Each structure stands twice: as structure tokens, then as C-alpha cells.
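start-v9.txt (compact mmCIF, C-alpha atoms and all ligand atoms)
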```
# COMPACT_ATOMS: atom_id res chain seq x y z
CA MET A 1 -14.17 -17.70 24.72
CA ASN A 2 -10.89 -19.49 23.89
CA ILE A 3 -7.65 -18.39 25.51
CA PHE A 4 -6.08 -17.22 22.22
CA LEU A 5 -9.01 -14.90 21.50
CA ALA A 6 -9.02 -13.64 25.08
CA GLN A 7 -5.30 -12.80 24.89
CA LEU A 8 -5.70 -11.04 21.51
CA ILE A 9 -8.64 -8.98 22.83
CA GLU A 10 -6.66 -8.12 25.97
CA SER A 11 -3.80 -6.86 23.76
CA THR A 12 -6.14 -4.30 22.14
CA ASN A 13 -5.80 -2.27 25.38
CA ASP A 14 -2.32 -1.02 24.59
CA THR A 15 -0.95 -2.56 21.39
CA TRP A 16 -0.67 -0.88 17.97
CA GLY A 17 -1.12 -3.40 15.13
CA VAL A 18 -3.20 -6.18 16.72
CA ASP A 19 -4.01 -8.84 14.10
CA LEU A 20 -7.75 -8.19 13.80
CA PHE A 21 -8.02 -10.72 10.99
CA GLU A 22 -7.07 -13.29 13.64
CA VAL A 23 -9.68 -11.80 16.02
CA ASP A 24 -12.24 -12.08 13.19
CA ALA A 25 -11.35 -15.74 12.60
CA LEU A 26 -11.43 -16.68 16.31
CA SER A 27 -14.58 -14.70 17.18
CA ASN A 28 -16.90 -16.34 14.65
CA HIS A 29 -16.62 -13.17 12.55
CA ARG A 30 -17.74 -10.83 15.34
CA PRO A 31 -14.55 -8.81 16.00
CA LEU A 32 -16.38 -5.48 16.42
CA THR A 33 -18.71 -6.73 19.15
CA HIS A 34 -15.87 -8.47 21.03
CA VAL A 35 -13.39 -5.58 20.83
CA ALA A 36 -15.93 -2.76 21.37
CA LEU A 37 -17.43 -4.44 24.44
CA HIS A 38 -13.94 -5.03 25.82
CA LEU A 39 -12.65 -1.50 25.19
CA PHE A 40 -15.79 0.29 26.41
CA LYS A 41 -15.62 -1.80 29.60
CA GLN A 42 -11.86 -1.28 29.93
CA ARG A 43 -12.43 2.48 29.72
CA ASN A 44 -15.26 2.22 32.24
CA ILE A 45 -17.59 4.01 29.79
CA LEU A 46 -20.53 1.69 30.48
CA LYS A 47 -20.31 2.31 34.23
CA GLN A 48 -19.76 6.07 33.92
CA PHE A 49 -22.97 6.47 31.89
CA GLN A 50 -24.87 3.61 33.62
CA ILE A 51 -25.24 1.77 30.32
CA ARG A 52 -26.39 -1.85 30.80
CA GLU A 53 -23.88 -4.26 29.26
CA LEU A 54 -26.72 -6.17 27.57
CA THR A 55 -27.98 -2.95 25.92
CA PHE A 56 -24.50 -2.13 24.62
CA PHE A 57 -24.08 -5.73 23.44
CA LYS A 58 -27.40 -5.60 21.54
CA PHE A 59 -26.56 -2.23 19.96
CA ILE A 60 -23.02 -3.08 18.84
CA SER A 61 -24.18 -6.50 17.57
CA ALA A 62 -26.90 -4.80 15.54
CA ILE A 63 -24.32 -2.37 14.12
CA GLU A 64 -21.86 -5.19 13.34
CA ALA A 65 -24.62 -7.09 11.52
CA LYS A 66 -25.23 -4.02 9.34
CA TYR A 67 -21.64 -3.94 8.05
CA ARG A 68 -21.58 -5.66 4.68
CA ASN A 69 -19.14 -8.41 3.68
CA ASN A 70 -17.11 -6.14 1.42
CA PRO A 71 -13.45 -7.04 0.84
CA TYR A 72 -12.40 -3.87 2.70
CA HIS A 73 -15.31 -1.82 4.09
CA ASN A 74 -16.53 -4.42 6.56
CA ASN A 75 -16.73 -4.99 10.32
CA ILE A 76 -13.00 -5.78 10.58
CA HIS A 77 -12.18 -2.32 9.20
CA ALA A 78 -14.58 -0.75 11.72
CA THR A 79 -12.82 -2.69 14.51
CA ASP A 80 -9.45 -1.53 13.17
CA VAL A 81 -10.49 2.15 13.23
CA LEU A 82 -12.05 1.76 16.69
CA GLN A 83 -8.92 0.15 18.15
CA ALA A 84 -6.54 2.67 16.50
CA SER A 85 -8.69 5.55 17.85
CA HIS A 86 -8.64 3.99 21.31
CA HIS A 87 -4.84 3.64 21.13
CA MET A 88 -4.25 7.26 20.13
CA LEU A 89 -6.63 8.65 22.73
CA ASN A 90 -4.09 7.28 25.21
CA PHE A 91 -1.30 9.49 23.84
CA SER A 92 0.28 11.53 26.64
CA VAL A 93 -0.48 14.82 24.87
CA PHE A 94 -4.21 14.09 25.39
CA LYS A 95 -3.92 13.30 29.11
CA ASN A 96 -6.70 15.12 31.06
CA VAL A 97 -7.91 16.82 27.86
CA PHE A 98 -11.10 15.00 26.85
CA THR A 99 -14.22 14.45 28.95
CA GLU A 100 -15.71 10.94 29.27
CA LEU A 101 -18.54 12.03 26.97
CA GLU A 102 -16.05 13.15 24.28
CA VAL A 103 -14.19 9.83 24.53
CA PHE A 104 -17.50 7.91 24.35
CA ALA A 105 -18.57 9.93 21.27
CA ALA A 106 -15.22 9.49 19.46
CA LEU A 107 -15.12 5.69 19.99
CA PHE A 108 -18.83 5.33 19.15
CA ALA A 109 -18.20 7.31 15.91
CA ALA A 110 -15.21 5.11 15.02
CA ALA A 111 -17.24 1.91 15.53
CA VAL A 112 -20.17 3.07 13.34
CA HIS A 113 -18.25 5.27 10.84
CA ASP A 114 -18.69 2.97 7.80
CA VAL A 115 -21.81 0.99 8.73
CA ASP A 116 -23.68 -0.48 5.70
CA HIS A 117 -20.92 0.75 3.35
CA PRO A 118 -21.93 -0.58 -0.14
CA GLY A 119 -18.34 -1.09 -1.30
CA VAL A 120 -18.45 1.75 -3.85
CA THR A 121 -17.35 5.40 -3.61
CA ASN A 122 -19.42 8.56 -3.19
CA GLN A 123 -18.57 9.48 -6.78
CA TYR A 124 -19.94 6.16 -8.06
CA LEU A 125 -23.20 6.66 -6.11
CA ILE A 126 -23.48 10.17 -7.60
CA ASN A 127 -22.63 9.04 -11.15
CA THR A 128 -25.25 6.28 -11.03
CA ASN A 129 -27.99 8.55 -9.61
CA SER A 130 -28.33 6.16 -6.66
CA ASP A 131 -31.14 6.60 -4.11
CA LEU A 132 -28.53 7.51 -1.48
CA ALA A 133 -27.07 10.29 -3.65
CA ILE A 134 -30.58 11.64 -4.28
CA LEU A 135 -31.40 11.42 -0.57
CA TYR A 136 -28.25 13.33 0.46
CA ASN A 137 -27.97 15.68 -2.53
CA ASP A 138 -24.51 14.34 -3.53
CA GLU A 139 -22.99 15.75 -0.32
CA SER A 140 -20.95 13.28 1.84
CA VAL A 141 -23.46 10.66 0.69
CA LEU A 142 -21.90 7.60 2.36
CA GLU A 143 -20.92 9.41 5.55
CA ASN A 144 -24.45 10.84 5.99
CA HIS A 145 -25.83 7.34 5.51
CA HIS A 146 -23.44 5.80 8.09
CA VAL A 147 -24.33 8.24 10.83
CA THR A 148 -28.09 8.24 10.11
CA LEU A 149 -28.22 4.43 10.20
CA ALA A 150 -26.23 4.41 13.47
CA PHE A 151 -28.73 6.66 15.21
CA GLN A 152 -31.69 4.78 13.71
CA THR A 153 -30.25 1.56 15.18
CA LEU A 154 -30.57 3.07 18.66
CA SER A 155 -34.36 2.77 18.34
CA THR A 156 -34.18 -0.98 17.71
CA GLU A 157 -35.66 -2.92 20.68
CA GLY A 158 -33.24 -2.91 23.63
CA CYS A 159 -30.47 -1.06 21.76
CA ASP A 160 -30.72 2.50 23.12
CA VAL A 161 -27.27 2.96 24.67
CA LEU A 162 -27.98 6.69 25.04
CA SER A 163 -31.13 6.33 27.19
CA THR A 164 -29.25 7.21 30.40
CA LEU A 165 -27.79 10.46 29.00
CA ASN A 166 -29.55 13.69 30.05
CA ARG A 167 -30.84 16.06 27.36
CA LYS A 168 -27.68 18.20 27.32
CA GLN A 169 -25.36 15.17 27.16
CA HIS A 170 -27.46 13.58 24.39
CA GLN A 171 -27.39 16.83 22.35
CA MET A 172 -23.61 17.20 22.71
CA PHE A 173 -22.98 13.48 22.02
CA ARG A 174 -25.06 13.58 18.83
CA LYS A 175 -23.33 16.76 17.60
CA MET A 176 -19.89 15.21 18.16
CA VAL A 177 -20.70 11.84 16.52
CA ILE A 178 -22.26 13.51 13.47
CA SER A 179 -19.26 15.80 12.97
CA VAL A 180 -16.66 13.04 13.52
CA VAL A 181 -18.31 10.62 11.07
CA LEU A 182 -18.93 13.35 8.45
CA ALA A 183 -15.25 14.33 8.82
CA THR A 184 -14.19 10.87 7.53
CA ASP A 185 -15.30 12.01 4.05
CA MET A 186 -12.08 12.22 2.02
CA SER A 187 -13.29 15.54 0.56
CA LYS A 188 -12.53 17.02 4.02
CA HIS A 189 -8.97 15.62 4.05
CA ILE A 190 -7.21 18.88 3.15
CA GLN A 191 -9.15 20.78 5.84
CA HIS A 192 -7.87 18.35 8.49
CA ILE A 193 -4.30 19.14 7.48
CA GLY A 194 -5.00 22.88 7.57
CA HIS A 195 -6.53 22.77 11.07
CA LEU A 196 -3.72 20.60 12.43
CA LYS A 197 -1.05 22.90 10.97
CA THR A 198 -2.72 25.90 12.63
CA MET A 199 -2.83 24.09 15.98
CA VAL A 200 0.80 23.03 15.78
CA GLU A 201 1.83 26.54 14.72
CA ILE A 202 0.01 28.09 17.70
CA ARG A 203 1.75 25.63 20.03
CA ARG A 204 5.14 26.54 18.55
CA LEU A 205 4.49 30.26 18.99
CA SER A 206 3.02 30.06 22.48
CA SER A 207 5.92 27.93 23.71
CA SER A 208 4.78 28.76 27.25
CA ALA A 209 1.70 26.52 26.90
CA SER A 210 2.77 23.24 28.48
CA SER A 211 -0.01 21.16 26.95
CA ILE A 212 -0.87 21.96 23.36
CA ILE A 213 -4.59 21.56 23.76
CA ASP A 214 -6.72 23.88 25.84
CA PRO A 215 -9.28 21.58 27.56
CA GLU A 216 -11.65 24.58 27.73
CA ASN A 217 -11.69 24.96 23.91
CA ALA A 218 -14.52 22.63 22.81
CA GLU A 219 -14.11 23.54 19.12
CA ASP A 220 -10.39 22.66 19.08
CA LYS A 221 -11.09 19.41 20.94
CA LEU A 222 -13.79 18.44 18.46
CA GLN A 223 -11.44 19.13 15.54
CA ILE A 224 -8.79 16.95 17.18
CA LEU A 225 -11.27 14.10 17.63
CA GLN A 226 -12.28 14.43 13.96
CA SER A 227 -8.62 14.21 12.89
CA LEU A 228 -7.95 11.36 15.33
CA VAL A 229 -10.64 9.18 13.72
CA HIS A 230 -9.70 10.32 10.20
CA CYS A 231 -6.05 9.35 10.89
CA SER A 232 -7.24 5.99 12.25
CA ASP A 233 -9.29 5.55 9.06
CA LEU A 234 -6.09 6.08 7.05
CA SER A 235 -3.79 4.10 9.32
CA ASN A 236 -3.33 0.91 7.24
CA PRO A 237 0.09 1.96 5.83
CA LEU A 238 1.28 2.54 9.41
CA LYS A 239 0.52 -0.99 10.54
CA PRO A 240 2.93 -3.97 10.51
CA LEU A 241 3.64 -4.88 6.87
CA ASN A 242 1.75 -8.21 6.86
CA LEU A 243 -1.42 -6.41 8.00
CA TYR A 244 -0.93 -3.45 5.65
CA LEU A 245 -0.55 -5.82 2.68
CA GLN A 246 -3.79 -7.65 3.56
CA TRP A 247 -5.65 -4.31 3.74
CA THR A 248 -4.10 -3.30 0.39
CA ASP A 249 -5.28 -6.53 -1.28
CA ARG A 250 -8.75 -5.93 0.14
CA ILE A 251 -9.14 -2.29 -0.91
CA MET A 252 -7.83 -3.06 -4.39
CA GLU A 253 -10.34 -5.93 -4.80
CA GLU A 254 -13.12 -3.60 -3.65
CA PHE A 255 -11.97 -0.90 -6.11
CA PHE A 256 -11.66 -3.49 -8.92
CA ARG A 257 -15.23 -4.70 -8.31
CA GLN A 258 -16.39 -1.10 -8.66
CA GLY A 259 -14.40 -0.88 -11.90
CA ASP A 260 -16.13 -4.04 -13.13
CA LEU A 261 -19.50 -2.42 -12.37
CA GLU A 262 -18.48 0.77 -14.18
CA LYS A 263 -17.38 -1.22 -17.24
CA SER A 264 -20.69 -3.13 -17.28
CA LEU A 265 -22.56 0.21 -17.11
CA ASN A 266 -20.38 1.77 -19.81
CA LEU A 267 -19.21 4.35 -17.29
CA GLU A 268 -15.65 5.68 -17.23
CA VAL A 269 -13.61 3.43 -14.91
CA SER A 270 -12.61 5.35 -11.76
CA PRO A 271 -8.95 5.82 -10.79
CA LEU A 272 -7.35 2.71 -9.20
CA CYS A 273 -10.41 0.63 -10.21
CA ASP A 274 -9.27 -1.04 -13.45
CA ARG A 275 -8.13 -4.59 -12.64
CA GLU A 276 -6.79 -4.95 -16.21
CA ASN A 277 -4.55 -1.96 -15.88
CA SER A 278 -3.22 -1.07 -12.44
CA ASN A 279 0.10 -1.00 -10.65
CA ILE A 280 -0.74 -1.67 -7.00
CA CYS A 281 2.67 -0.67 -5.66
CA LYS A 282 2.72 2.59 -7.61
CA SER A 283 -0.81 3.51 -6.47
CA GLN A 284 0.02 2.73 -2.83
CA MET A 285 3.22 4.81 -3.06
CA GLY A 286 1.14 7.68 -4.43
CA PHE A 287 -1.49 7.24 -1.71
CA ILE A 288 1.23 7.27 0.98
CA ASP A 289 3.19 10.20 -0.48
CA TYR A 290 0.25 12.48 -1.38
CA VAL A 291 -2.47 11.52 1.12
CA VAL A 292 -1.35 9.48 4.15
CA HIS A 293 2.09 10.93 4.90
CA PRO A 294 1.10 14.64 4.70
CA LEU A 295 -1.71 13.99 7.19
CA TRP A 296 0.27 11.79 9.58
CA GLU A 297 3.36 14.02 9.43
CA ILE A 298 1.42 16.94 10.93
CA TRP A 299 -0.56 14.62 13.25
CA SER A 300 2.69 13.19 14.62
CA ARG A 301 4.01 16.72 15.25
CA LEU A 302 0.88 17.48 17.27
CA THR A 303 1.09 14.20 19.23
CA GLN A 304 4.85 13.88 19.76
CA PRO A 305 6.50 11.79 21.04
CA ASP A 306 3.97 8.91 21.08
CA CYS A 307 3.47 8.85 17.31
CA GLN A 308 7.11 8.27 16.44
CA PRO A 309 7.10 4.44 16.61
CA ILE A 310 4.05 4.48 14.30
CA MET A 311 5.68 6.91 11.85
CA ASP A 312 8.72 4.59 11.79
CA ILE A 313 6.46 1.77 10.56
CA LEU A 314 5.14 4.01 7.77
CA GLU A 315 8.71 4.79 6.73
CA SER A 316 9.79 1.13 6.62
CA ASN A 317 6.60 0.11 4.77
CA ARG A 318 7.22 2.87 2.21
CA VAL A 319 10.79 1.60 1.65
CA TRP A 320 9.51 -1.97 1.21
CA ILE A 321 6.83 -0.87 -1.30
CA ALA A 322 9.38 1.15 -3.28
CA SER A 323 11.58 -1.96 -3.48
CA GLN A 324 8.71 -3.87 -5.11
CA VAL A 325 8.04 -1.38 -7.88
C1 LIG A 401 -4.43 -0.11 2.17
C2 LIG A 401 -5.01 1.24 2.42
O1 LIG A 401 -4.36 2.14 2.90
C3 LIG A 401 -6.44 1.44 2.02
C4 LIG A 401 -7.08 2.68 2.62
C5 LIG A 401 -8.24 3.08 1.76
O2 LIG A 401 -7.72 3.29 0.44
C6 LIG A 401 -8.04 4.48 -0.13
N1 LIG A 401 -9.05 5.22 0.41
C7 LIG A 401 -9.36 6.39 -0.16
O3 LIG A 401 -10.37 7.15 0.35
C8 LIG A 401 -11.08 6.68 1.45
C9 LIG A 401 -10.49 6.61 2.70
C10 LIG A 401 -11.25 6.14 3.80
C11 LIG A 401 -12.53 5.73 3.61
C12 LIG A 401 -13.10 5.78 2.37
C13 LIG A 401 -12.39 6.24 1.27
C14 LIG A 401 -14.48 5.29 2.45
O4 LIG A 401 -14.68 4.82 3.79
B1 LIG A 401 -13.53 5.08 4.61
O5 LIG A 401 -14.02 5.94 5.63
O6 LIG A 401 -12.95 3.87 5.08
C15 LIG A 401 -8.67 6.85 -1.28
CL1 LIG A 401 -9.11 8.38 -1.94
C16 LIG A 401 -7.63 6.10 -1.85
C17 LIG A 401 -7.32 4.91 -1.26
C18 LIG A 401 -6.25 4.10 -1.79
N2 LIG A 401 -5.41 3.44 -2.19
MG MG A 402 -16.20 5.97 5.26
ZN ZN A 403 -13.39 3.74 7.11
```
Starting from the file, lay out its structure as C-alpha cells.
Ligand SMILES: CC(=O)CCCOc1nc(Oc2ccc3c(c2)CO[B-]3(O)O)c(Cl)cc1C#N
Ligand SMILES: [Mg+2]
Ligand SMILES: [Zn+2]
Amino acid sequence: MNIFLAQLIESTNDTWGVDLFEVDALSNHRPLTHVALHLFKQRNILKQFQIRELTFFKFISAIEAKYRNNPYHNNIHATDVLQASHHMLNFSVFKNVFTELEVFAALFAAAVHDVDHPGVTNQYLINTNSDLAILYNDESVLENHHVTLAFQTLSTEGCDVLSTLNRKQHQMFRKMVISVVLATDMSKHIQHIGHLKTMVEIRRLSSSASSIIDPENAEDKLQILQSLVHCSDLSNPLKPLNLYLQWTDRIMEEFFRQGDLEKSLNLEVSPLCDRENSNICKSQMGFIDYVVHPLWEIWSRLTQPDCQPIMDILESNRVWIASQV
């Protein structure tokens, strides 16, 4: 591995906003395998669960190979969500809160959360009567597919990273991964905000509680892990501007390709998907003001003070976007 790649991968330990496009370029387009192996080793997860490095390498390589070369929903995005989730698990408010198994499940979920994404939305799959929509009865179609494919990949030769877990651990791990990946469905977005508001409210009232999260409350912890990965999934506008703009170009191209498909099928073109008629700055301002900021505002209240530098980036990016309208 060349020294530049090694330094970039090392920086994923504790840096917000690592240039994963650079990691992709330097790693022969295998950023997920490089970063996941590094972070799982750095967190000592492989040792704790006696997972052979070769088994983890085979599994994560098989997962990375199943990410499609979409403009946005590709292996770089999976790496981005994994690394952001890793970063936020280190927030001081979460110190001594999560078990190793919960951390393993959350990072595993982040790495696989969009695997084999076809580059179109759930609504498009439903509108076109796709096999996936039929298979999953129009309910969280993509998210069901991502998590099913992830667990199917475990039974590929030499890829079973869960073989050393006992029955109880395996059952708990599977429950957590399923719920975290299914919670990345945007239809659950409002529920995240509701749960986080309740948690913050309880902390405010019970001012005695030093740490906000009761490590004994498995349900609360699972909800926090769901919101942590969902926030990571929606963290592009909180990254350094040059990275945010690249992600914006990519998602818009992916949406426009869906719009092209819809036009060719004489379907109504979905919102944001018409390349002939879109204002990228206006749609990003709307996405920040009505989707990203409401979520991150409550998330940052729960995770104060570590989220403040990240919220500052969102604020400056919002100002820049507004200046381009
Ligand atoms: C530059 C950005 O900030 C792009 C973030 C994605 O841009 C959007 N995403 C939206 O919804 C999803 C958010 C997460 C995911 C998916 C859809 C499917 O897979 B995924 O888990 O990555 C909606 Cl509703 C609007 C935009 C806009 N603009
Ligand atoms: Mg998704
Ligand atoms: Zn995603």
C-alpha cells in the first residue's frame, strides 16, 4: 500500500471529512474493504469476537463487489456512512454506553446498508411493479433487499464473519442489524426526530442523570444506533464543502437518470429527477432546511458538545449554497 493511502486510511480513525474519493482513487476502487478492515481492527472487533482477518476480508470484499457503480449509491457512499458512524460512536456522550456487540452491529449495518442499490428510489420500484417491490410488498423495498443480501453473503465460501458468535449473540446481532438498516428508509425519518426529541426532553427533565443514555436500556440504545447511522446516511451537507458538492453532483446525476427512465416509460417524473428543469441549489437548500437540519439539530442536542464543529460546517455550507441561488 502506498504511503498516501496509508496516511488517509489512518486519518479515518479520528477525522471528520476524510476525502474518500481520494481513498477510492488510491485503493484501486476498494475504499470499503480498506477502511472497514482498518476500522474493525482499530476497534479490536476482530480480536474480541475471534474473527479471522481473512474471513472478514473475504466478506467485506464480497459486499463491496455487490455495490453497483451508481453515481451516488456506490461503495464510496457505504464507506462514507461507515466512517461517519465510527466517528460519532466516539462521541463522549456514548462513552461506556454500547457493548462491543452493539458497536460491531452498528458498523456492520453501516457498511452493508445500501448494498446492491439499483440507483432508483423505492417509489420508482413500486411504480414499475419491480420484482423487488413484489417480493417486499412495497414496504421498505430497498432496505429489505440490502439487509437480506448482506446476510446471504455470509453463506458465501469463507465469508461467515458471525461463525464465532454464540446463539444468543448471533440472535441479538441479527436483530440490531436488521433494525438499523431498515431504519435508513426515509419513510422512518420523522420517527427518528420524534424519538430523539423524547430522549433529549427526558434528559432535560431528569437533570440529575449525568449521562443521557441508560446503558441498561437496550431499546433506547438500539434507537440511538438507528439514528446514528441514519444521521451518517444524511451527513453529506455537514462535510467540507468540496466533498459535499461532489456528493450533490452525484445524487443529482443519479436522480436525473431515474427521471430519464421515467420519461422513457411515460411515467410522471419524480421530484428532483428532471434534468431539464431543476434548480440544484434550491433543492439542496430545501433538503437541508426541511430534512437534514431538523434531524441534525436534535441529534446535536443529544450529543453535545462533540457535534458542534460538524453543525458549524452545515451552517457555513448552507450560507454558501444560499449565495449561489
Ligand atoms: C448531497 C446529499 O445530501 C445527498 C443525500 C441524498 O439525497 C437525498 N436523499 C433522499 O433520501 C434518501 C436518503 C438516504 C438514502 C436514500 C434516500 C437511499 O439510500 B440511502 O440510504 O443512501 C432524499 Cl428524500 C432527498 C435527497 C436529496 N437531495
Ligand atoms: Mg438506503
Ligand atoms: Zn445510504
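Listed by chain and then residue number, the contacts of ligand ZN 403 (chain A) are His73, His77, Ala78, Val81, His113, Asp114 and Asp233 of chain A (distance at most 7 Å, using all atoms listed in the file).
Going from CA of Val97 (chain A) over to CA of Val291 (chain A), you cover 27.8 Å.
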Within 6 Å of ligand LIG 401 (chain A), which residues show up when you count all atoms listed in the file? List them as a short mmCIF file (atom, residue, chain, number, x, y, z; two decimals) with C-alpha atoms, in the coordinates of the input, please.
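Output below, filename result-v7.cif:
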```
data_model
loop_
_atom_site.label_atom_id
_atom_site.label_comp_id
_atom_site.auth_asym_id
_atom_site.auth_seq_id
_atom_site.Cartn_x
_atom_site.Cartn_y
_atom_site.Cartn_z
CA ASP A 114 -18.69 2.97 7.80
CA THR A 184 -14.19 10.87 7.53
CA MET A 186 -12.08 12.22 2.02
CA ASP A 233 -9.29 5.55 9.06
CA LEU A 234 -6.09 6.08 7.05
CA ASN A 236 -3.33 0.91 7.24
CA PRO A 237 0.09 1.96 5.83
CA TYR A 244 -0.93 -3.45 5.65
CA TRP A 247 -5.65 -4.31 3.74
CA THR A 248 -4.10 -3.30 0.39
CA ILE A 251 -9.14 -2.29 -0.91
CA GLN A 284 0.02 2.73 -2.83
CA PHE A 287 -1.49 7.24 -1.71
#
```
>> Using only C-alpha atoms and all ligand atoms, which residues of the polymer chains come no farther than 10 Å from ligand MG 402 (chain A)? I'd like the answer as a list of chain:residue names.
In response: A:His73, A:Ala78, A:Ala110, A:Val112, A:His113, A:Asp114, A:Val115, A:Asp116, A:His117, A:Gly119, A:Thr121, A:Asn122, A:Ser140, A:Val141, A:Leu142, A:Glu143, A:Asn144, A:His145, A:His146, A:Val181, A:Leu182, A:Ala183, A:Thr184, A:Asp185, A:Met186, A:His230, A:Asp233
Only C-alpha atoms, please: the residues just picked out, written as an mmCIF file, in the coordinates of the input.
```cif
data_model
loop_
_atom_site.group_PDB
_atom_site.id
_atom_site.type_symbol
_atom_site.label_atom_id
_atom_site.label_comp_id
_atom_site.auth_asym_id
_atom_site.auth_seq_id
_atom_site.Cartn_x
_atom_site.Cartn_y
_atom_site.Cartn_z
ATOM 1 C CA HIS A 73 -15.310 -1.820 4.090
ATOM 2 C CA ALA A 78 -14.580 -0.750 11.720
ATOM 3 C CA ALA A 110 -15.210 5.110 15.020
ATOM 4 C CA VAL A 112 -20.170 3.070 13.340
ATOM 5 C CA HIS A 113 -18.250 5.270 10.840
ATOM 6 C CA ASP A 114 -18.690 2.970 7.800
ATOM 7 C CA VAL A 115 -21.810 0.990 8.730
ATOM 8 C CA ASP A 116 -23.680 -0.480 5.700
ATOM 9 C CA HIS A 117 -20.920 0.750 3.350
ATOM 10 C CA GLY A 119 -18.340 -1.090 -1.300
ATOM 11 C CA THR A 121 -17.350 5.400 -3.610
ATOM 12 C CA ASN A 122 -19.420 8.560 -3.190
ATOM 13 C CA SER A 140 -20.950 13.280 1.840
ATOM 14 C CA VAL A 141 -23.460 10.660 0.690
ATOM 15 C CA LEU A 142 -21.900 7.600 2.360
ATOM 16 C CA GLU A 143 -20.920 9.410 5.550
ATOM 17 C CA ASN A 144 -24.450 10.840 5.990
ATOM 18 C CA HIS A 145 -25.830 7.340 5.510
ATOM 19 C CA HIS A 146 -23.440 5.800 8.090
ATOM 20 C CA VAL A 181 -18.310 10.620 11.070
ATOM 21 C CA LEU A 182 -18.930 13.350 8.450
ATOM 22 C CA ALA A 183 -15.250 14.330 8.820
ATOM 23 C CA THR A 184 -14.190 10.870 7.530
ATOM 24 C CA ASP A 185 -15.300 12.010 4.050
ATOM 25 C CA MET A 186 -12.080 12.220 2.020
ATOM 26 C CA HIS A 230 -9.700 10.320 10.200
ATOM 27 C CA ASP A 233 -9.290 5.550 9.060
#
```
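A straight line drawn from CA of Met252 (chain A) to CA of Leu265 (chain A) is 19.7 Å long.
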> Rounded to one decimal in Å, what is the spacing between CA of Thr15 (chain A) and CA of Asn96 (chain A)?
Replying inline: 21.0 Å
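Selection around (-22.4, 10.5, 15.6) with radius 8 Å, counting only C-alpha atoms, yields the residues Ala105, Phe108, Ala109, Val147, Ala150, Phe151, Phe173, Arg174, Lys175, Met176, Val177, Ile178, Ser179, Val180 and Val181 of chain A.
Counting all atoms listed in the file and comparing A:Phe59, A:Tyr124, A:Phe104, A:Trp16, the residue that lies closest to Ser235 (chain A) is A:Trp16.
Nearest to Thr99 (chain A) of all the residues A:Glu216, A:Glu262, A:Glu157, A:Asp19 is A:Glu216, counting only C-alpha atoms.
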>> Tell me which residues come within 12 Å of (0.2, 13.9, 15.9), as a count of residues only, counting all atoms listed in the file in the file's coordinates.
In response: 40
Using all atoms listed in the file, tabulate the residues of region 50-95 of chain A lying at most 12 Å from any atom of region 256-260 of chain A, each with its closest atom pair and that distance in Å to one decimal, by chain and increasing residue number, as a Markdown table.
```
| residue | atom | partner | partner_atom | distance |
| --- | --- | --- | --- | --- |
| A:Asn70 | CA | A:Arg257 | CA | 10.0 |
| A:Pro71 | CA | A:Arg257 | CA | 9.6 |
| A:Tyr72 | CA | A:Arg257 | CA | 11.4 |
```
Determine the axis-aligned bounding box of all atoms of region 173-186 of chain A present in the file, pad each side by 4 Å, and express its centre and edge lengths in Å to one decimal place as lines of an AutoDock Vina configuration file.
```
center_x = -18.6
center_y = 13.7
center_z = 12.0
size_x = 21.0
size_y = 14.1
size_z = 28.0
```
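With all atoms listed in the file as the basis for measurement, A:Gln223 is the residue among A:Gln171, A:Gln223, A:Asn266, A:Ser85 that approaches His195 (chain A) most closely.
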Within 12 Å of region 35-53 of chain A: each region 140-190 of chain A residue with its shortest pair, all atoms listed in the file, as a tab-separated table:
```
residue	atom	partner	partner_atom	distance
A:Gly158	CA	A:Arg52	CA	10.0
A:Cys159	CA	A:Arg52	CA	9.9
A:Asp160	CA	A:Ile51	CA	9.1
A:Val161	CA	A:Ile51	CA	6.1
A:Leu162	CA	A:Ile51	CA	7.7
A:Ser163	CA	A:Ile51	CA	8.1
A:Thr164	CA	A:Phe49	CA	6.5
A:Leu165	CA	A:Phe49	CA	6.9
A:Asn166	CA	A:Phe49	CA	9.9
A:Gln169	CA	A:Phe49	CA	10.2
A:His170	CA	A:Phe49	CA	11.3
```
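Each of A:Phe57, A:Thr12, A:Ala62, A:Arg318 was checked against Ser155 (chain A) using all atoms listed in the file; the smallest atom-to-atom distance is that of A:Ala62.
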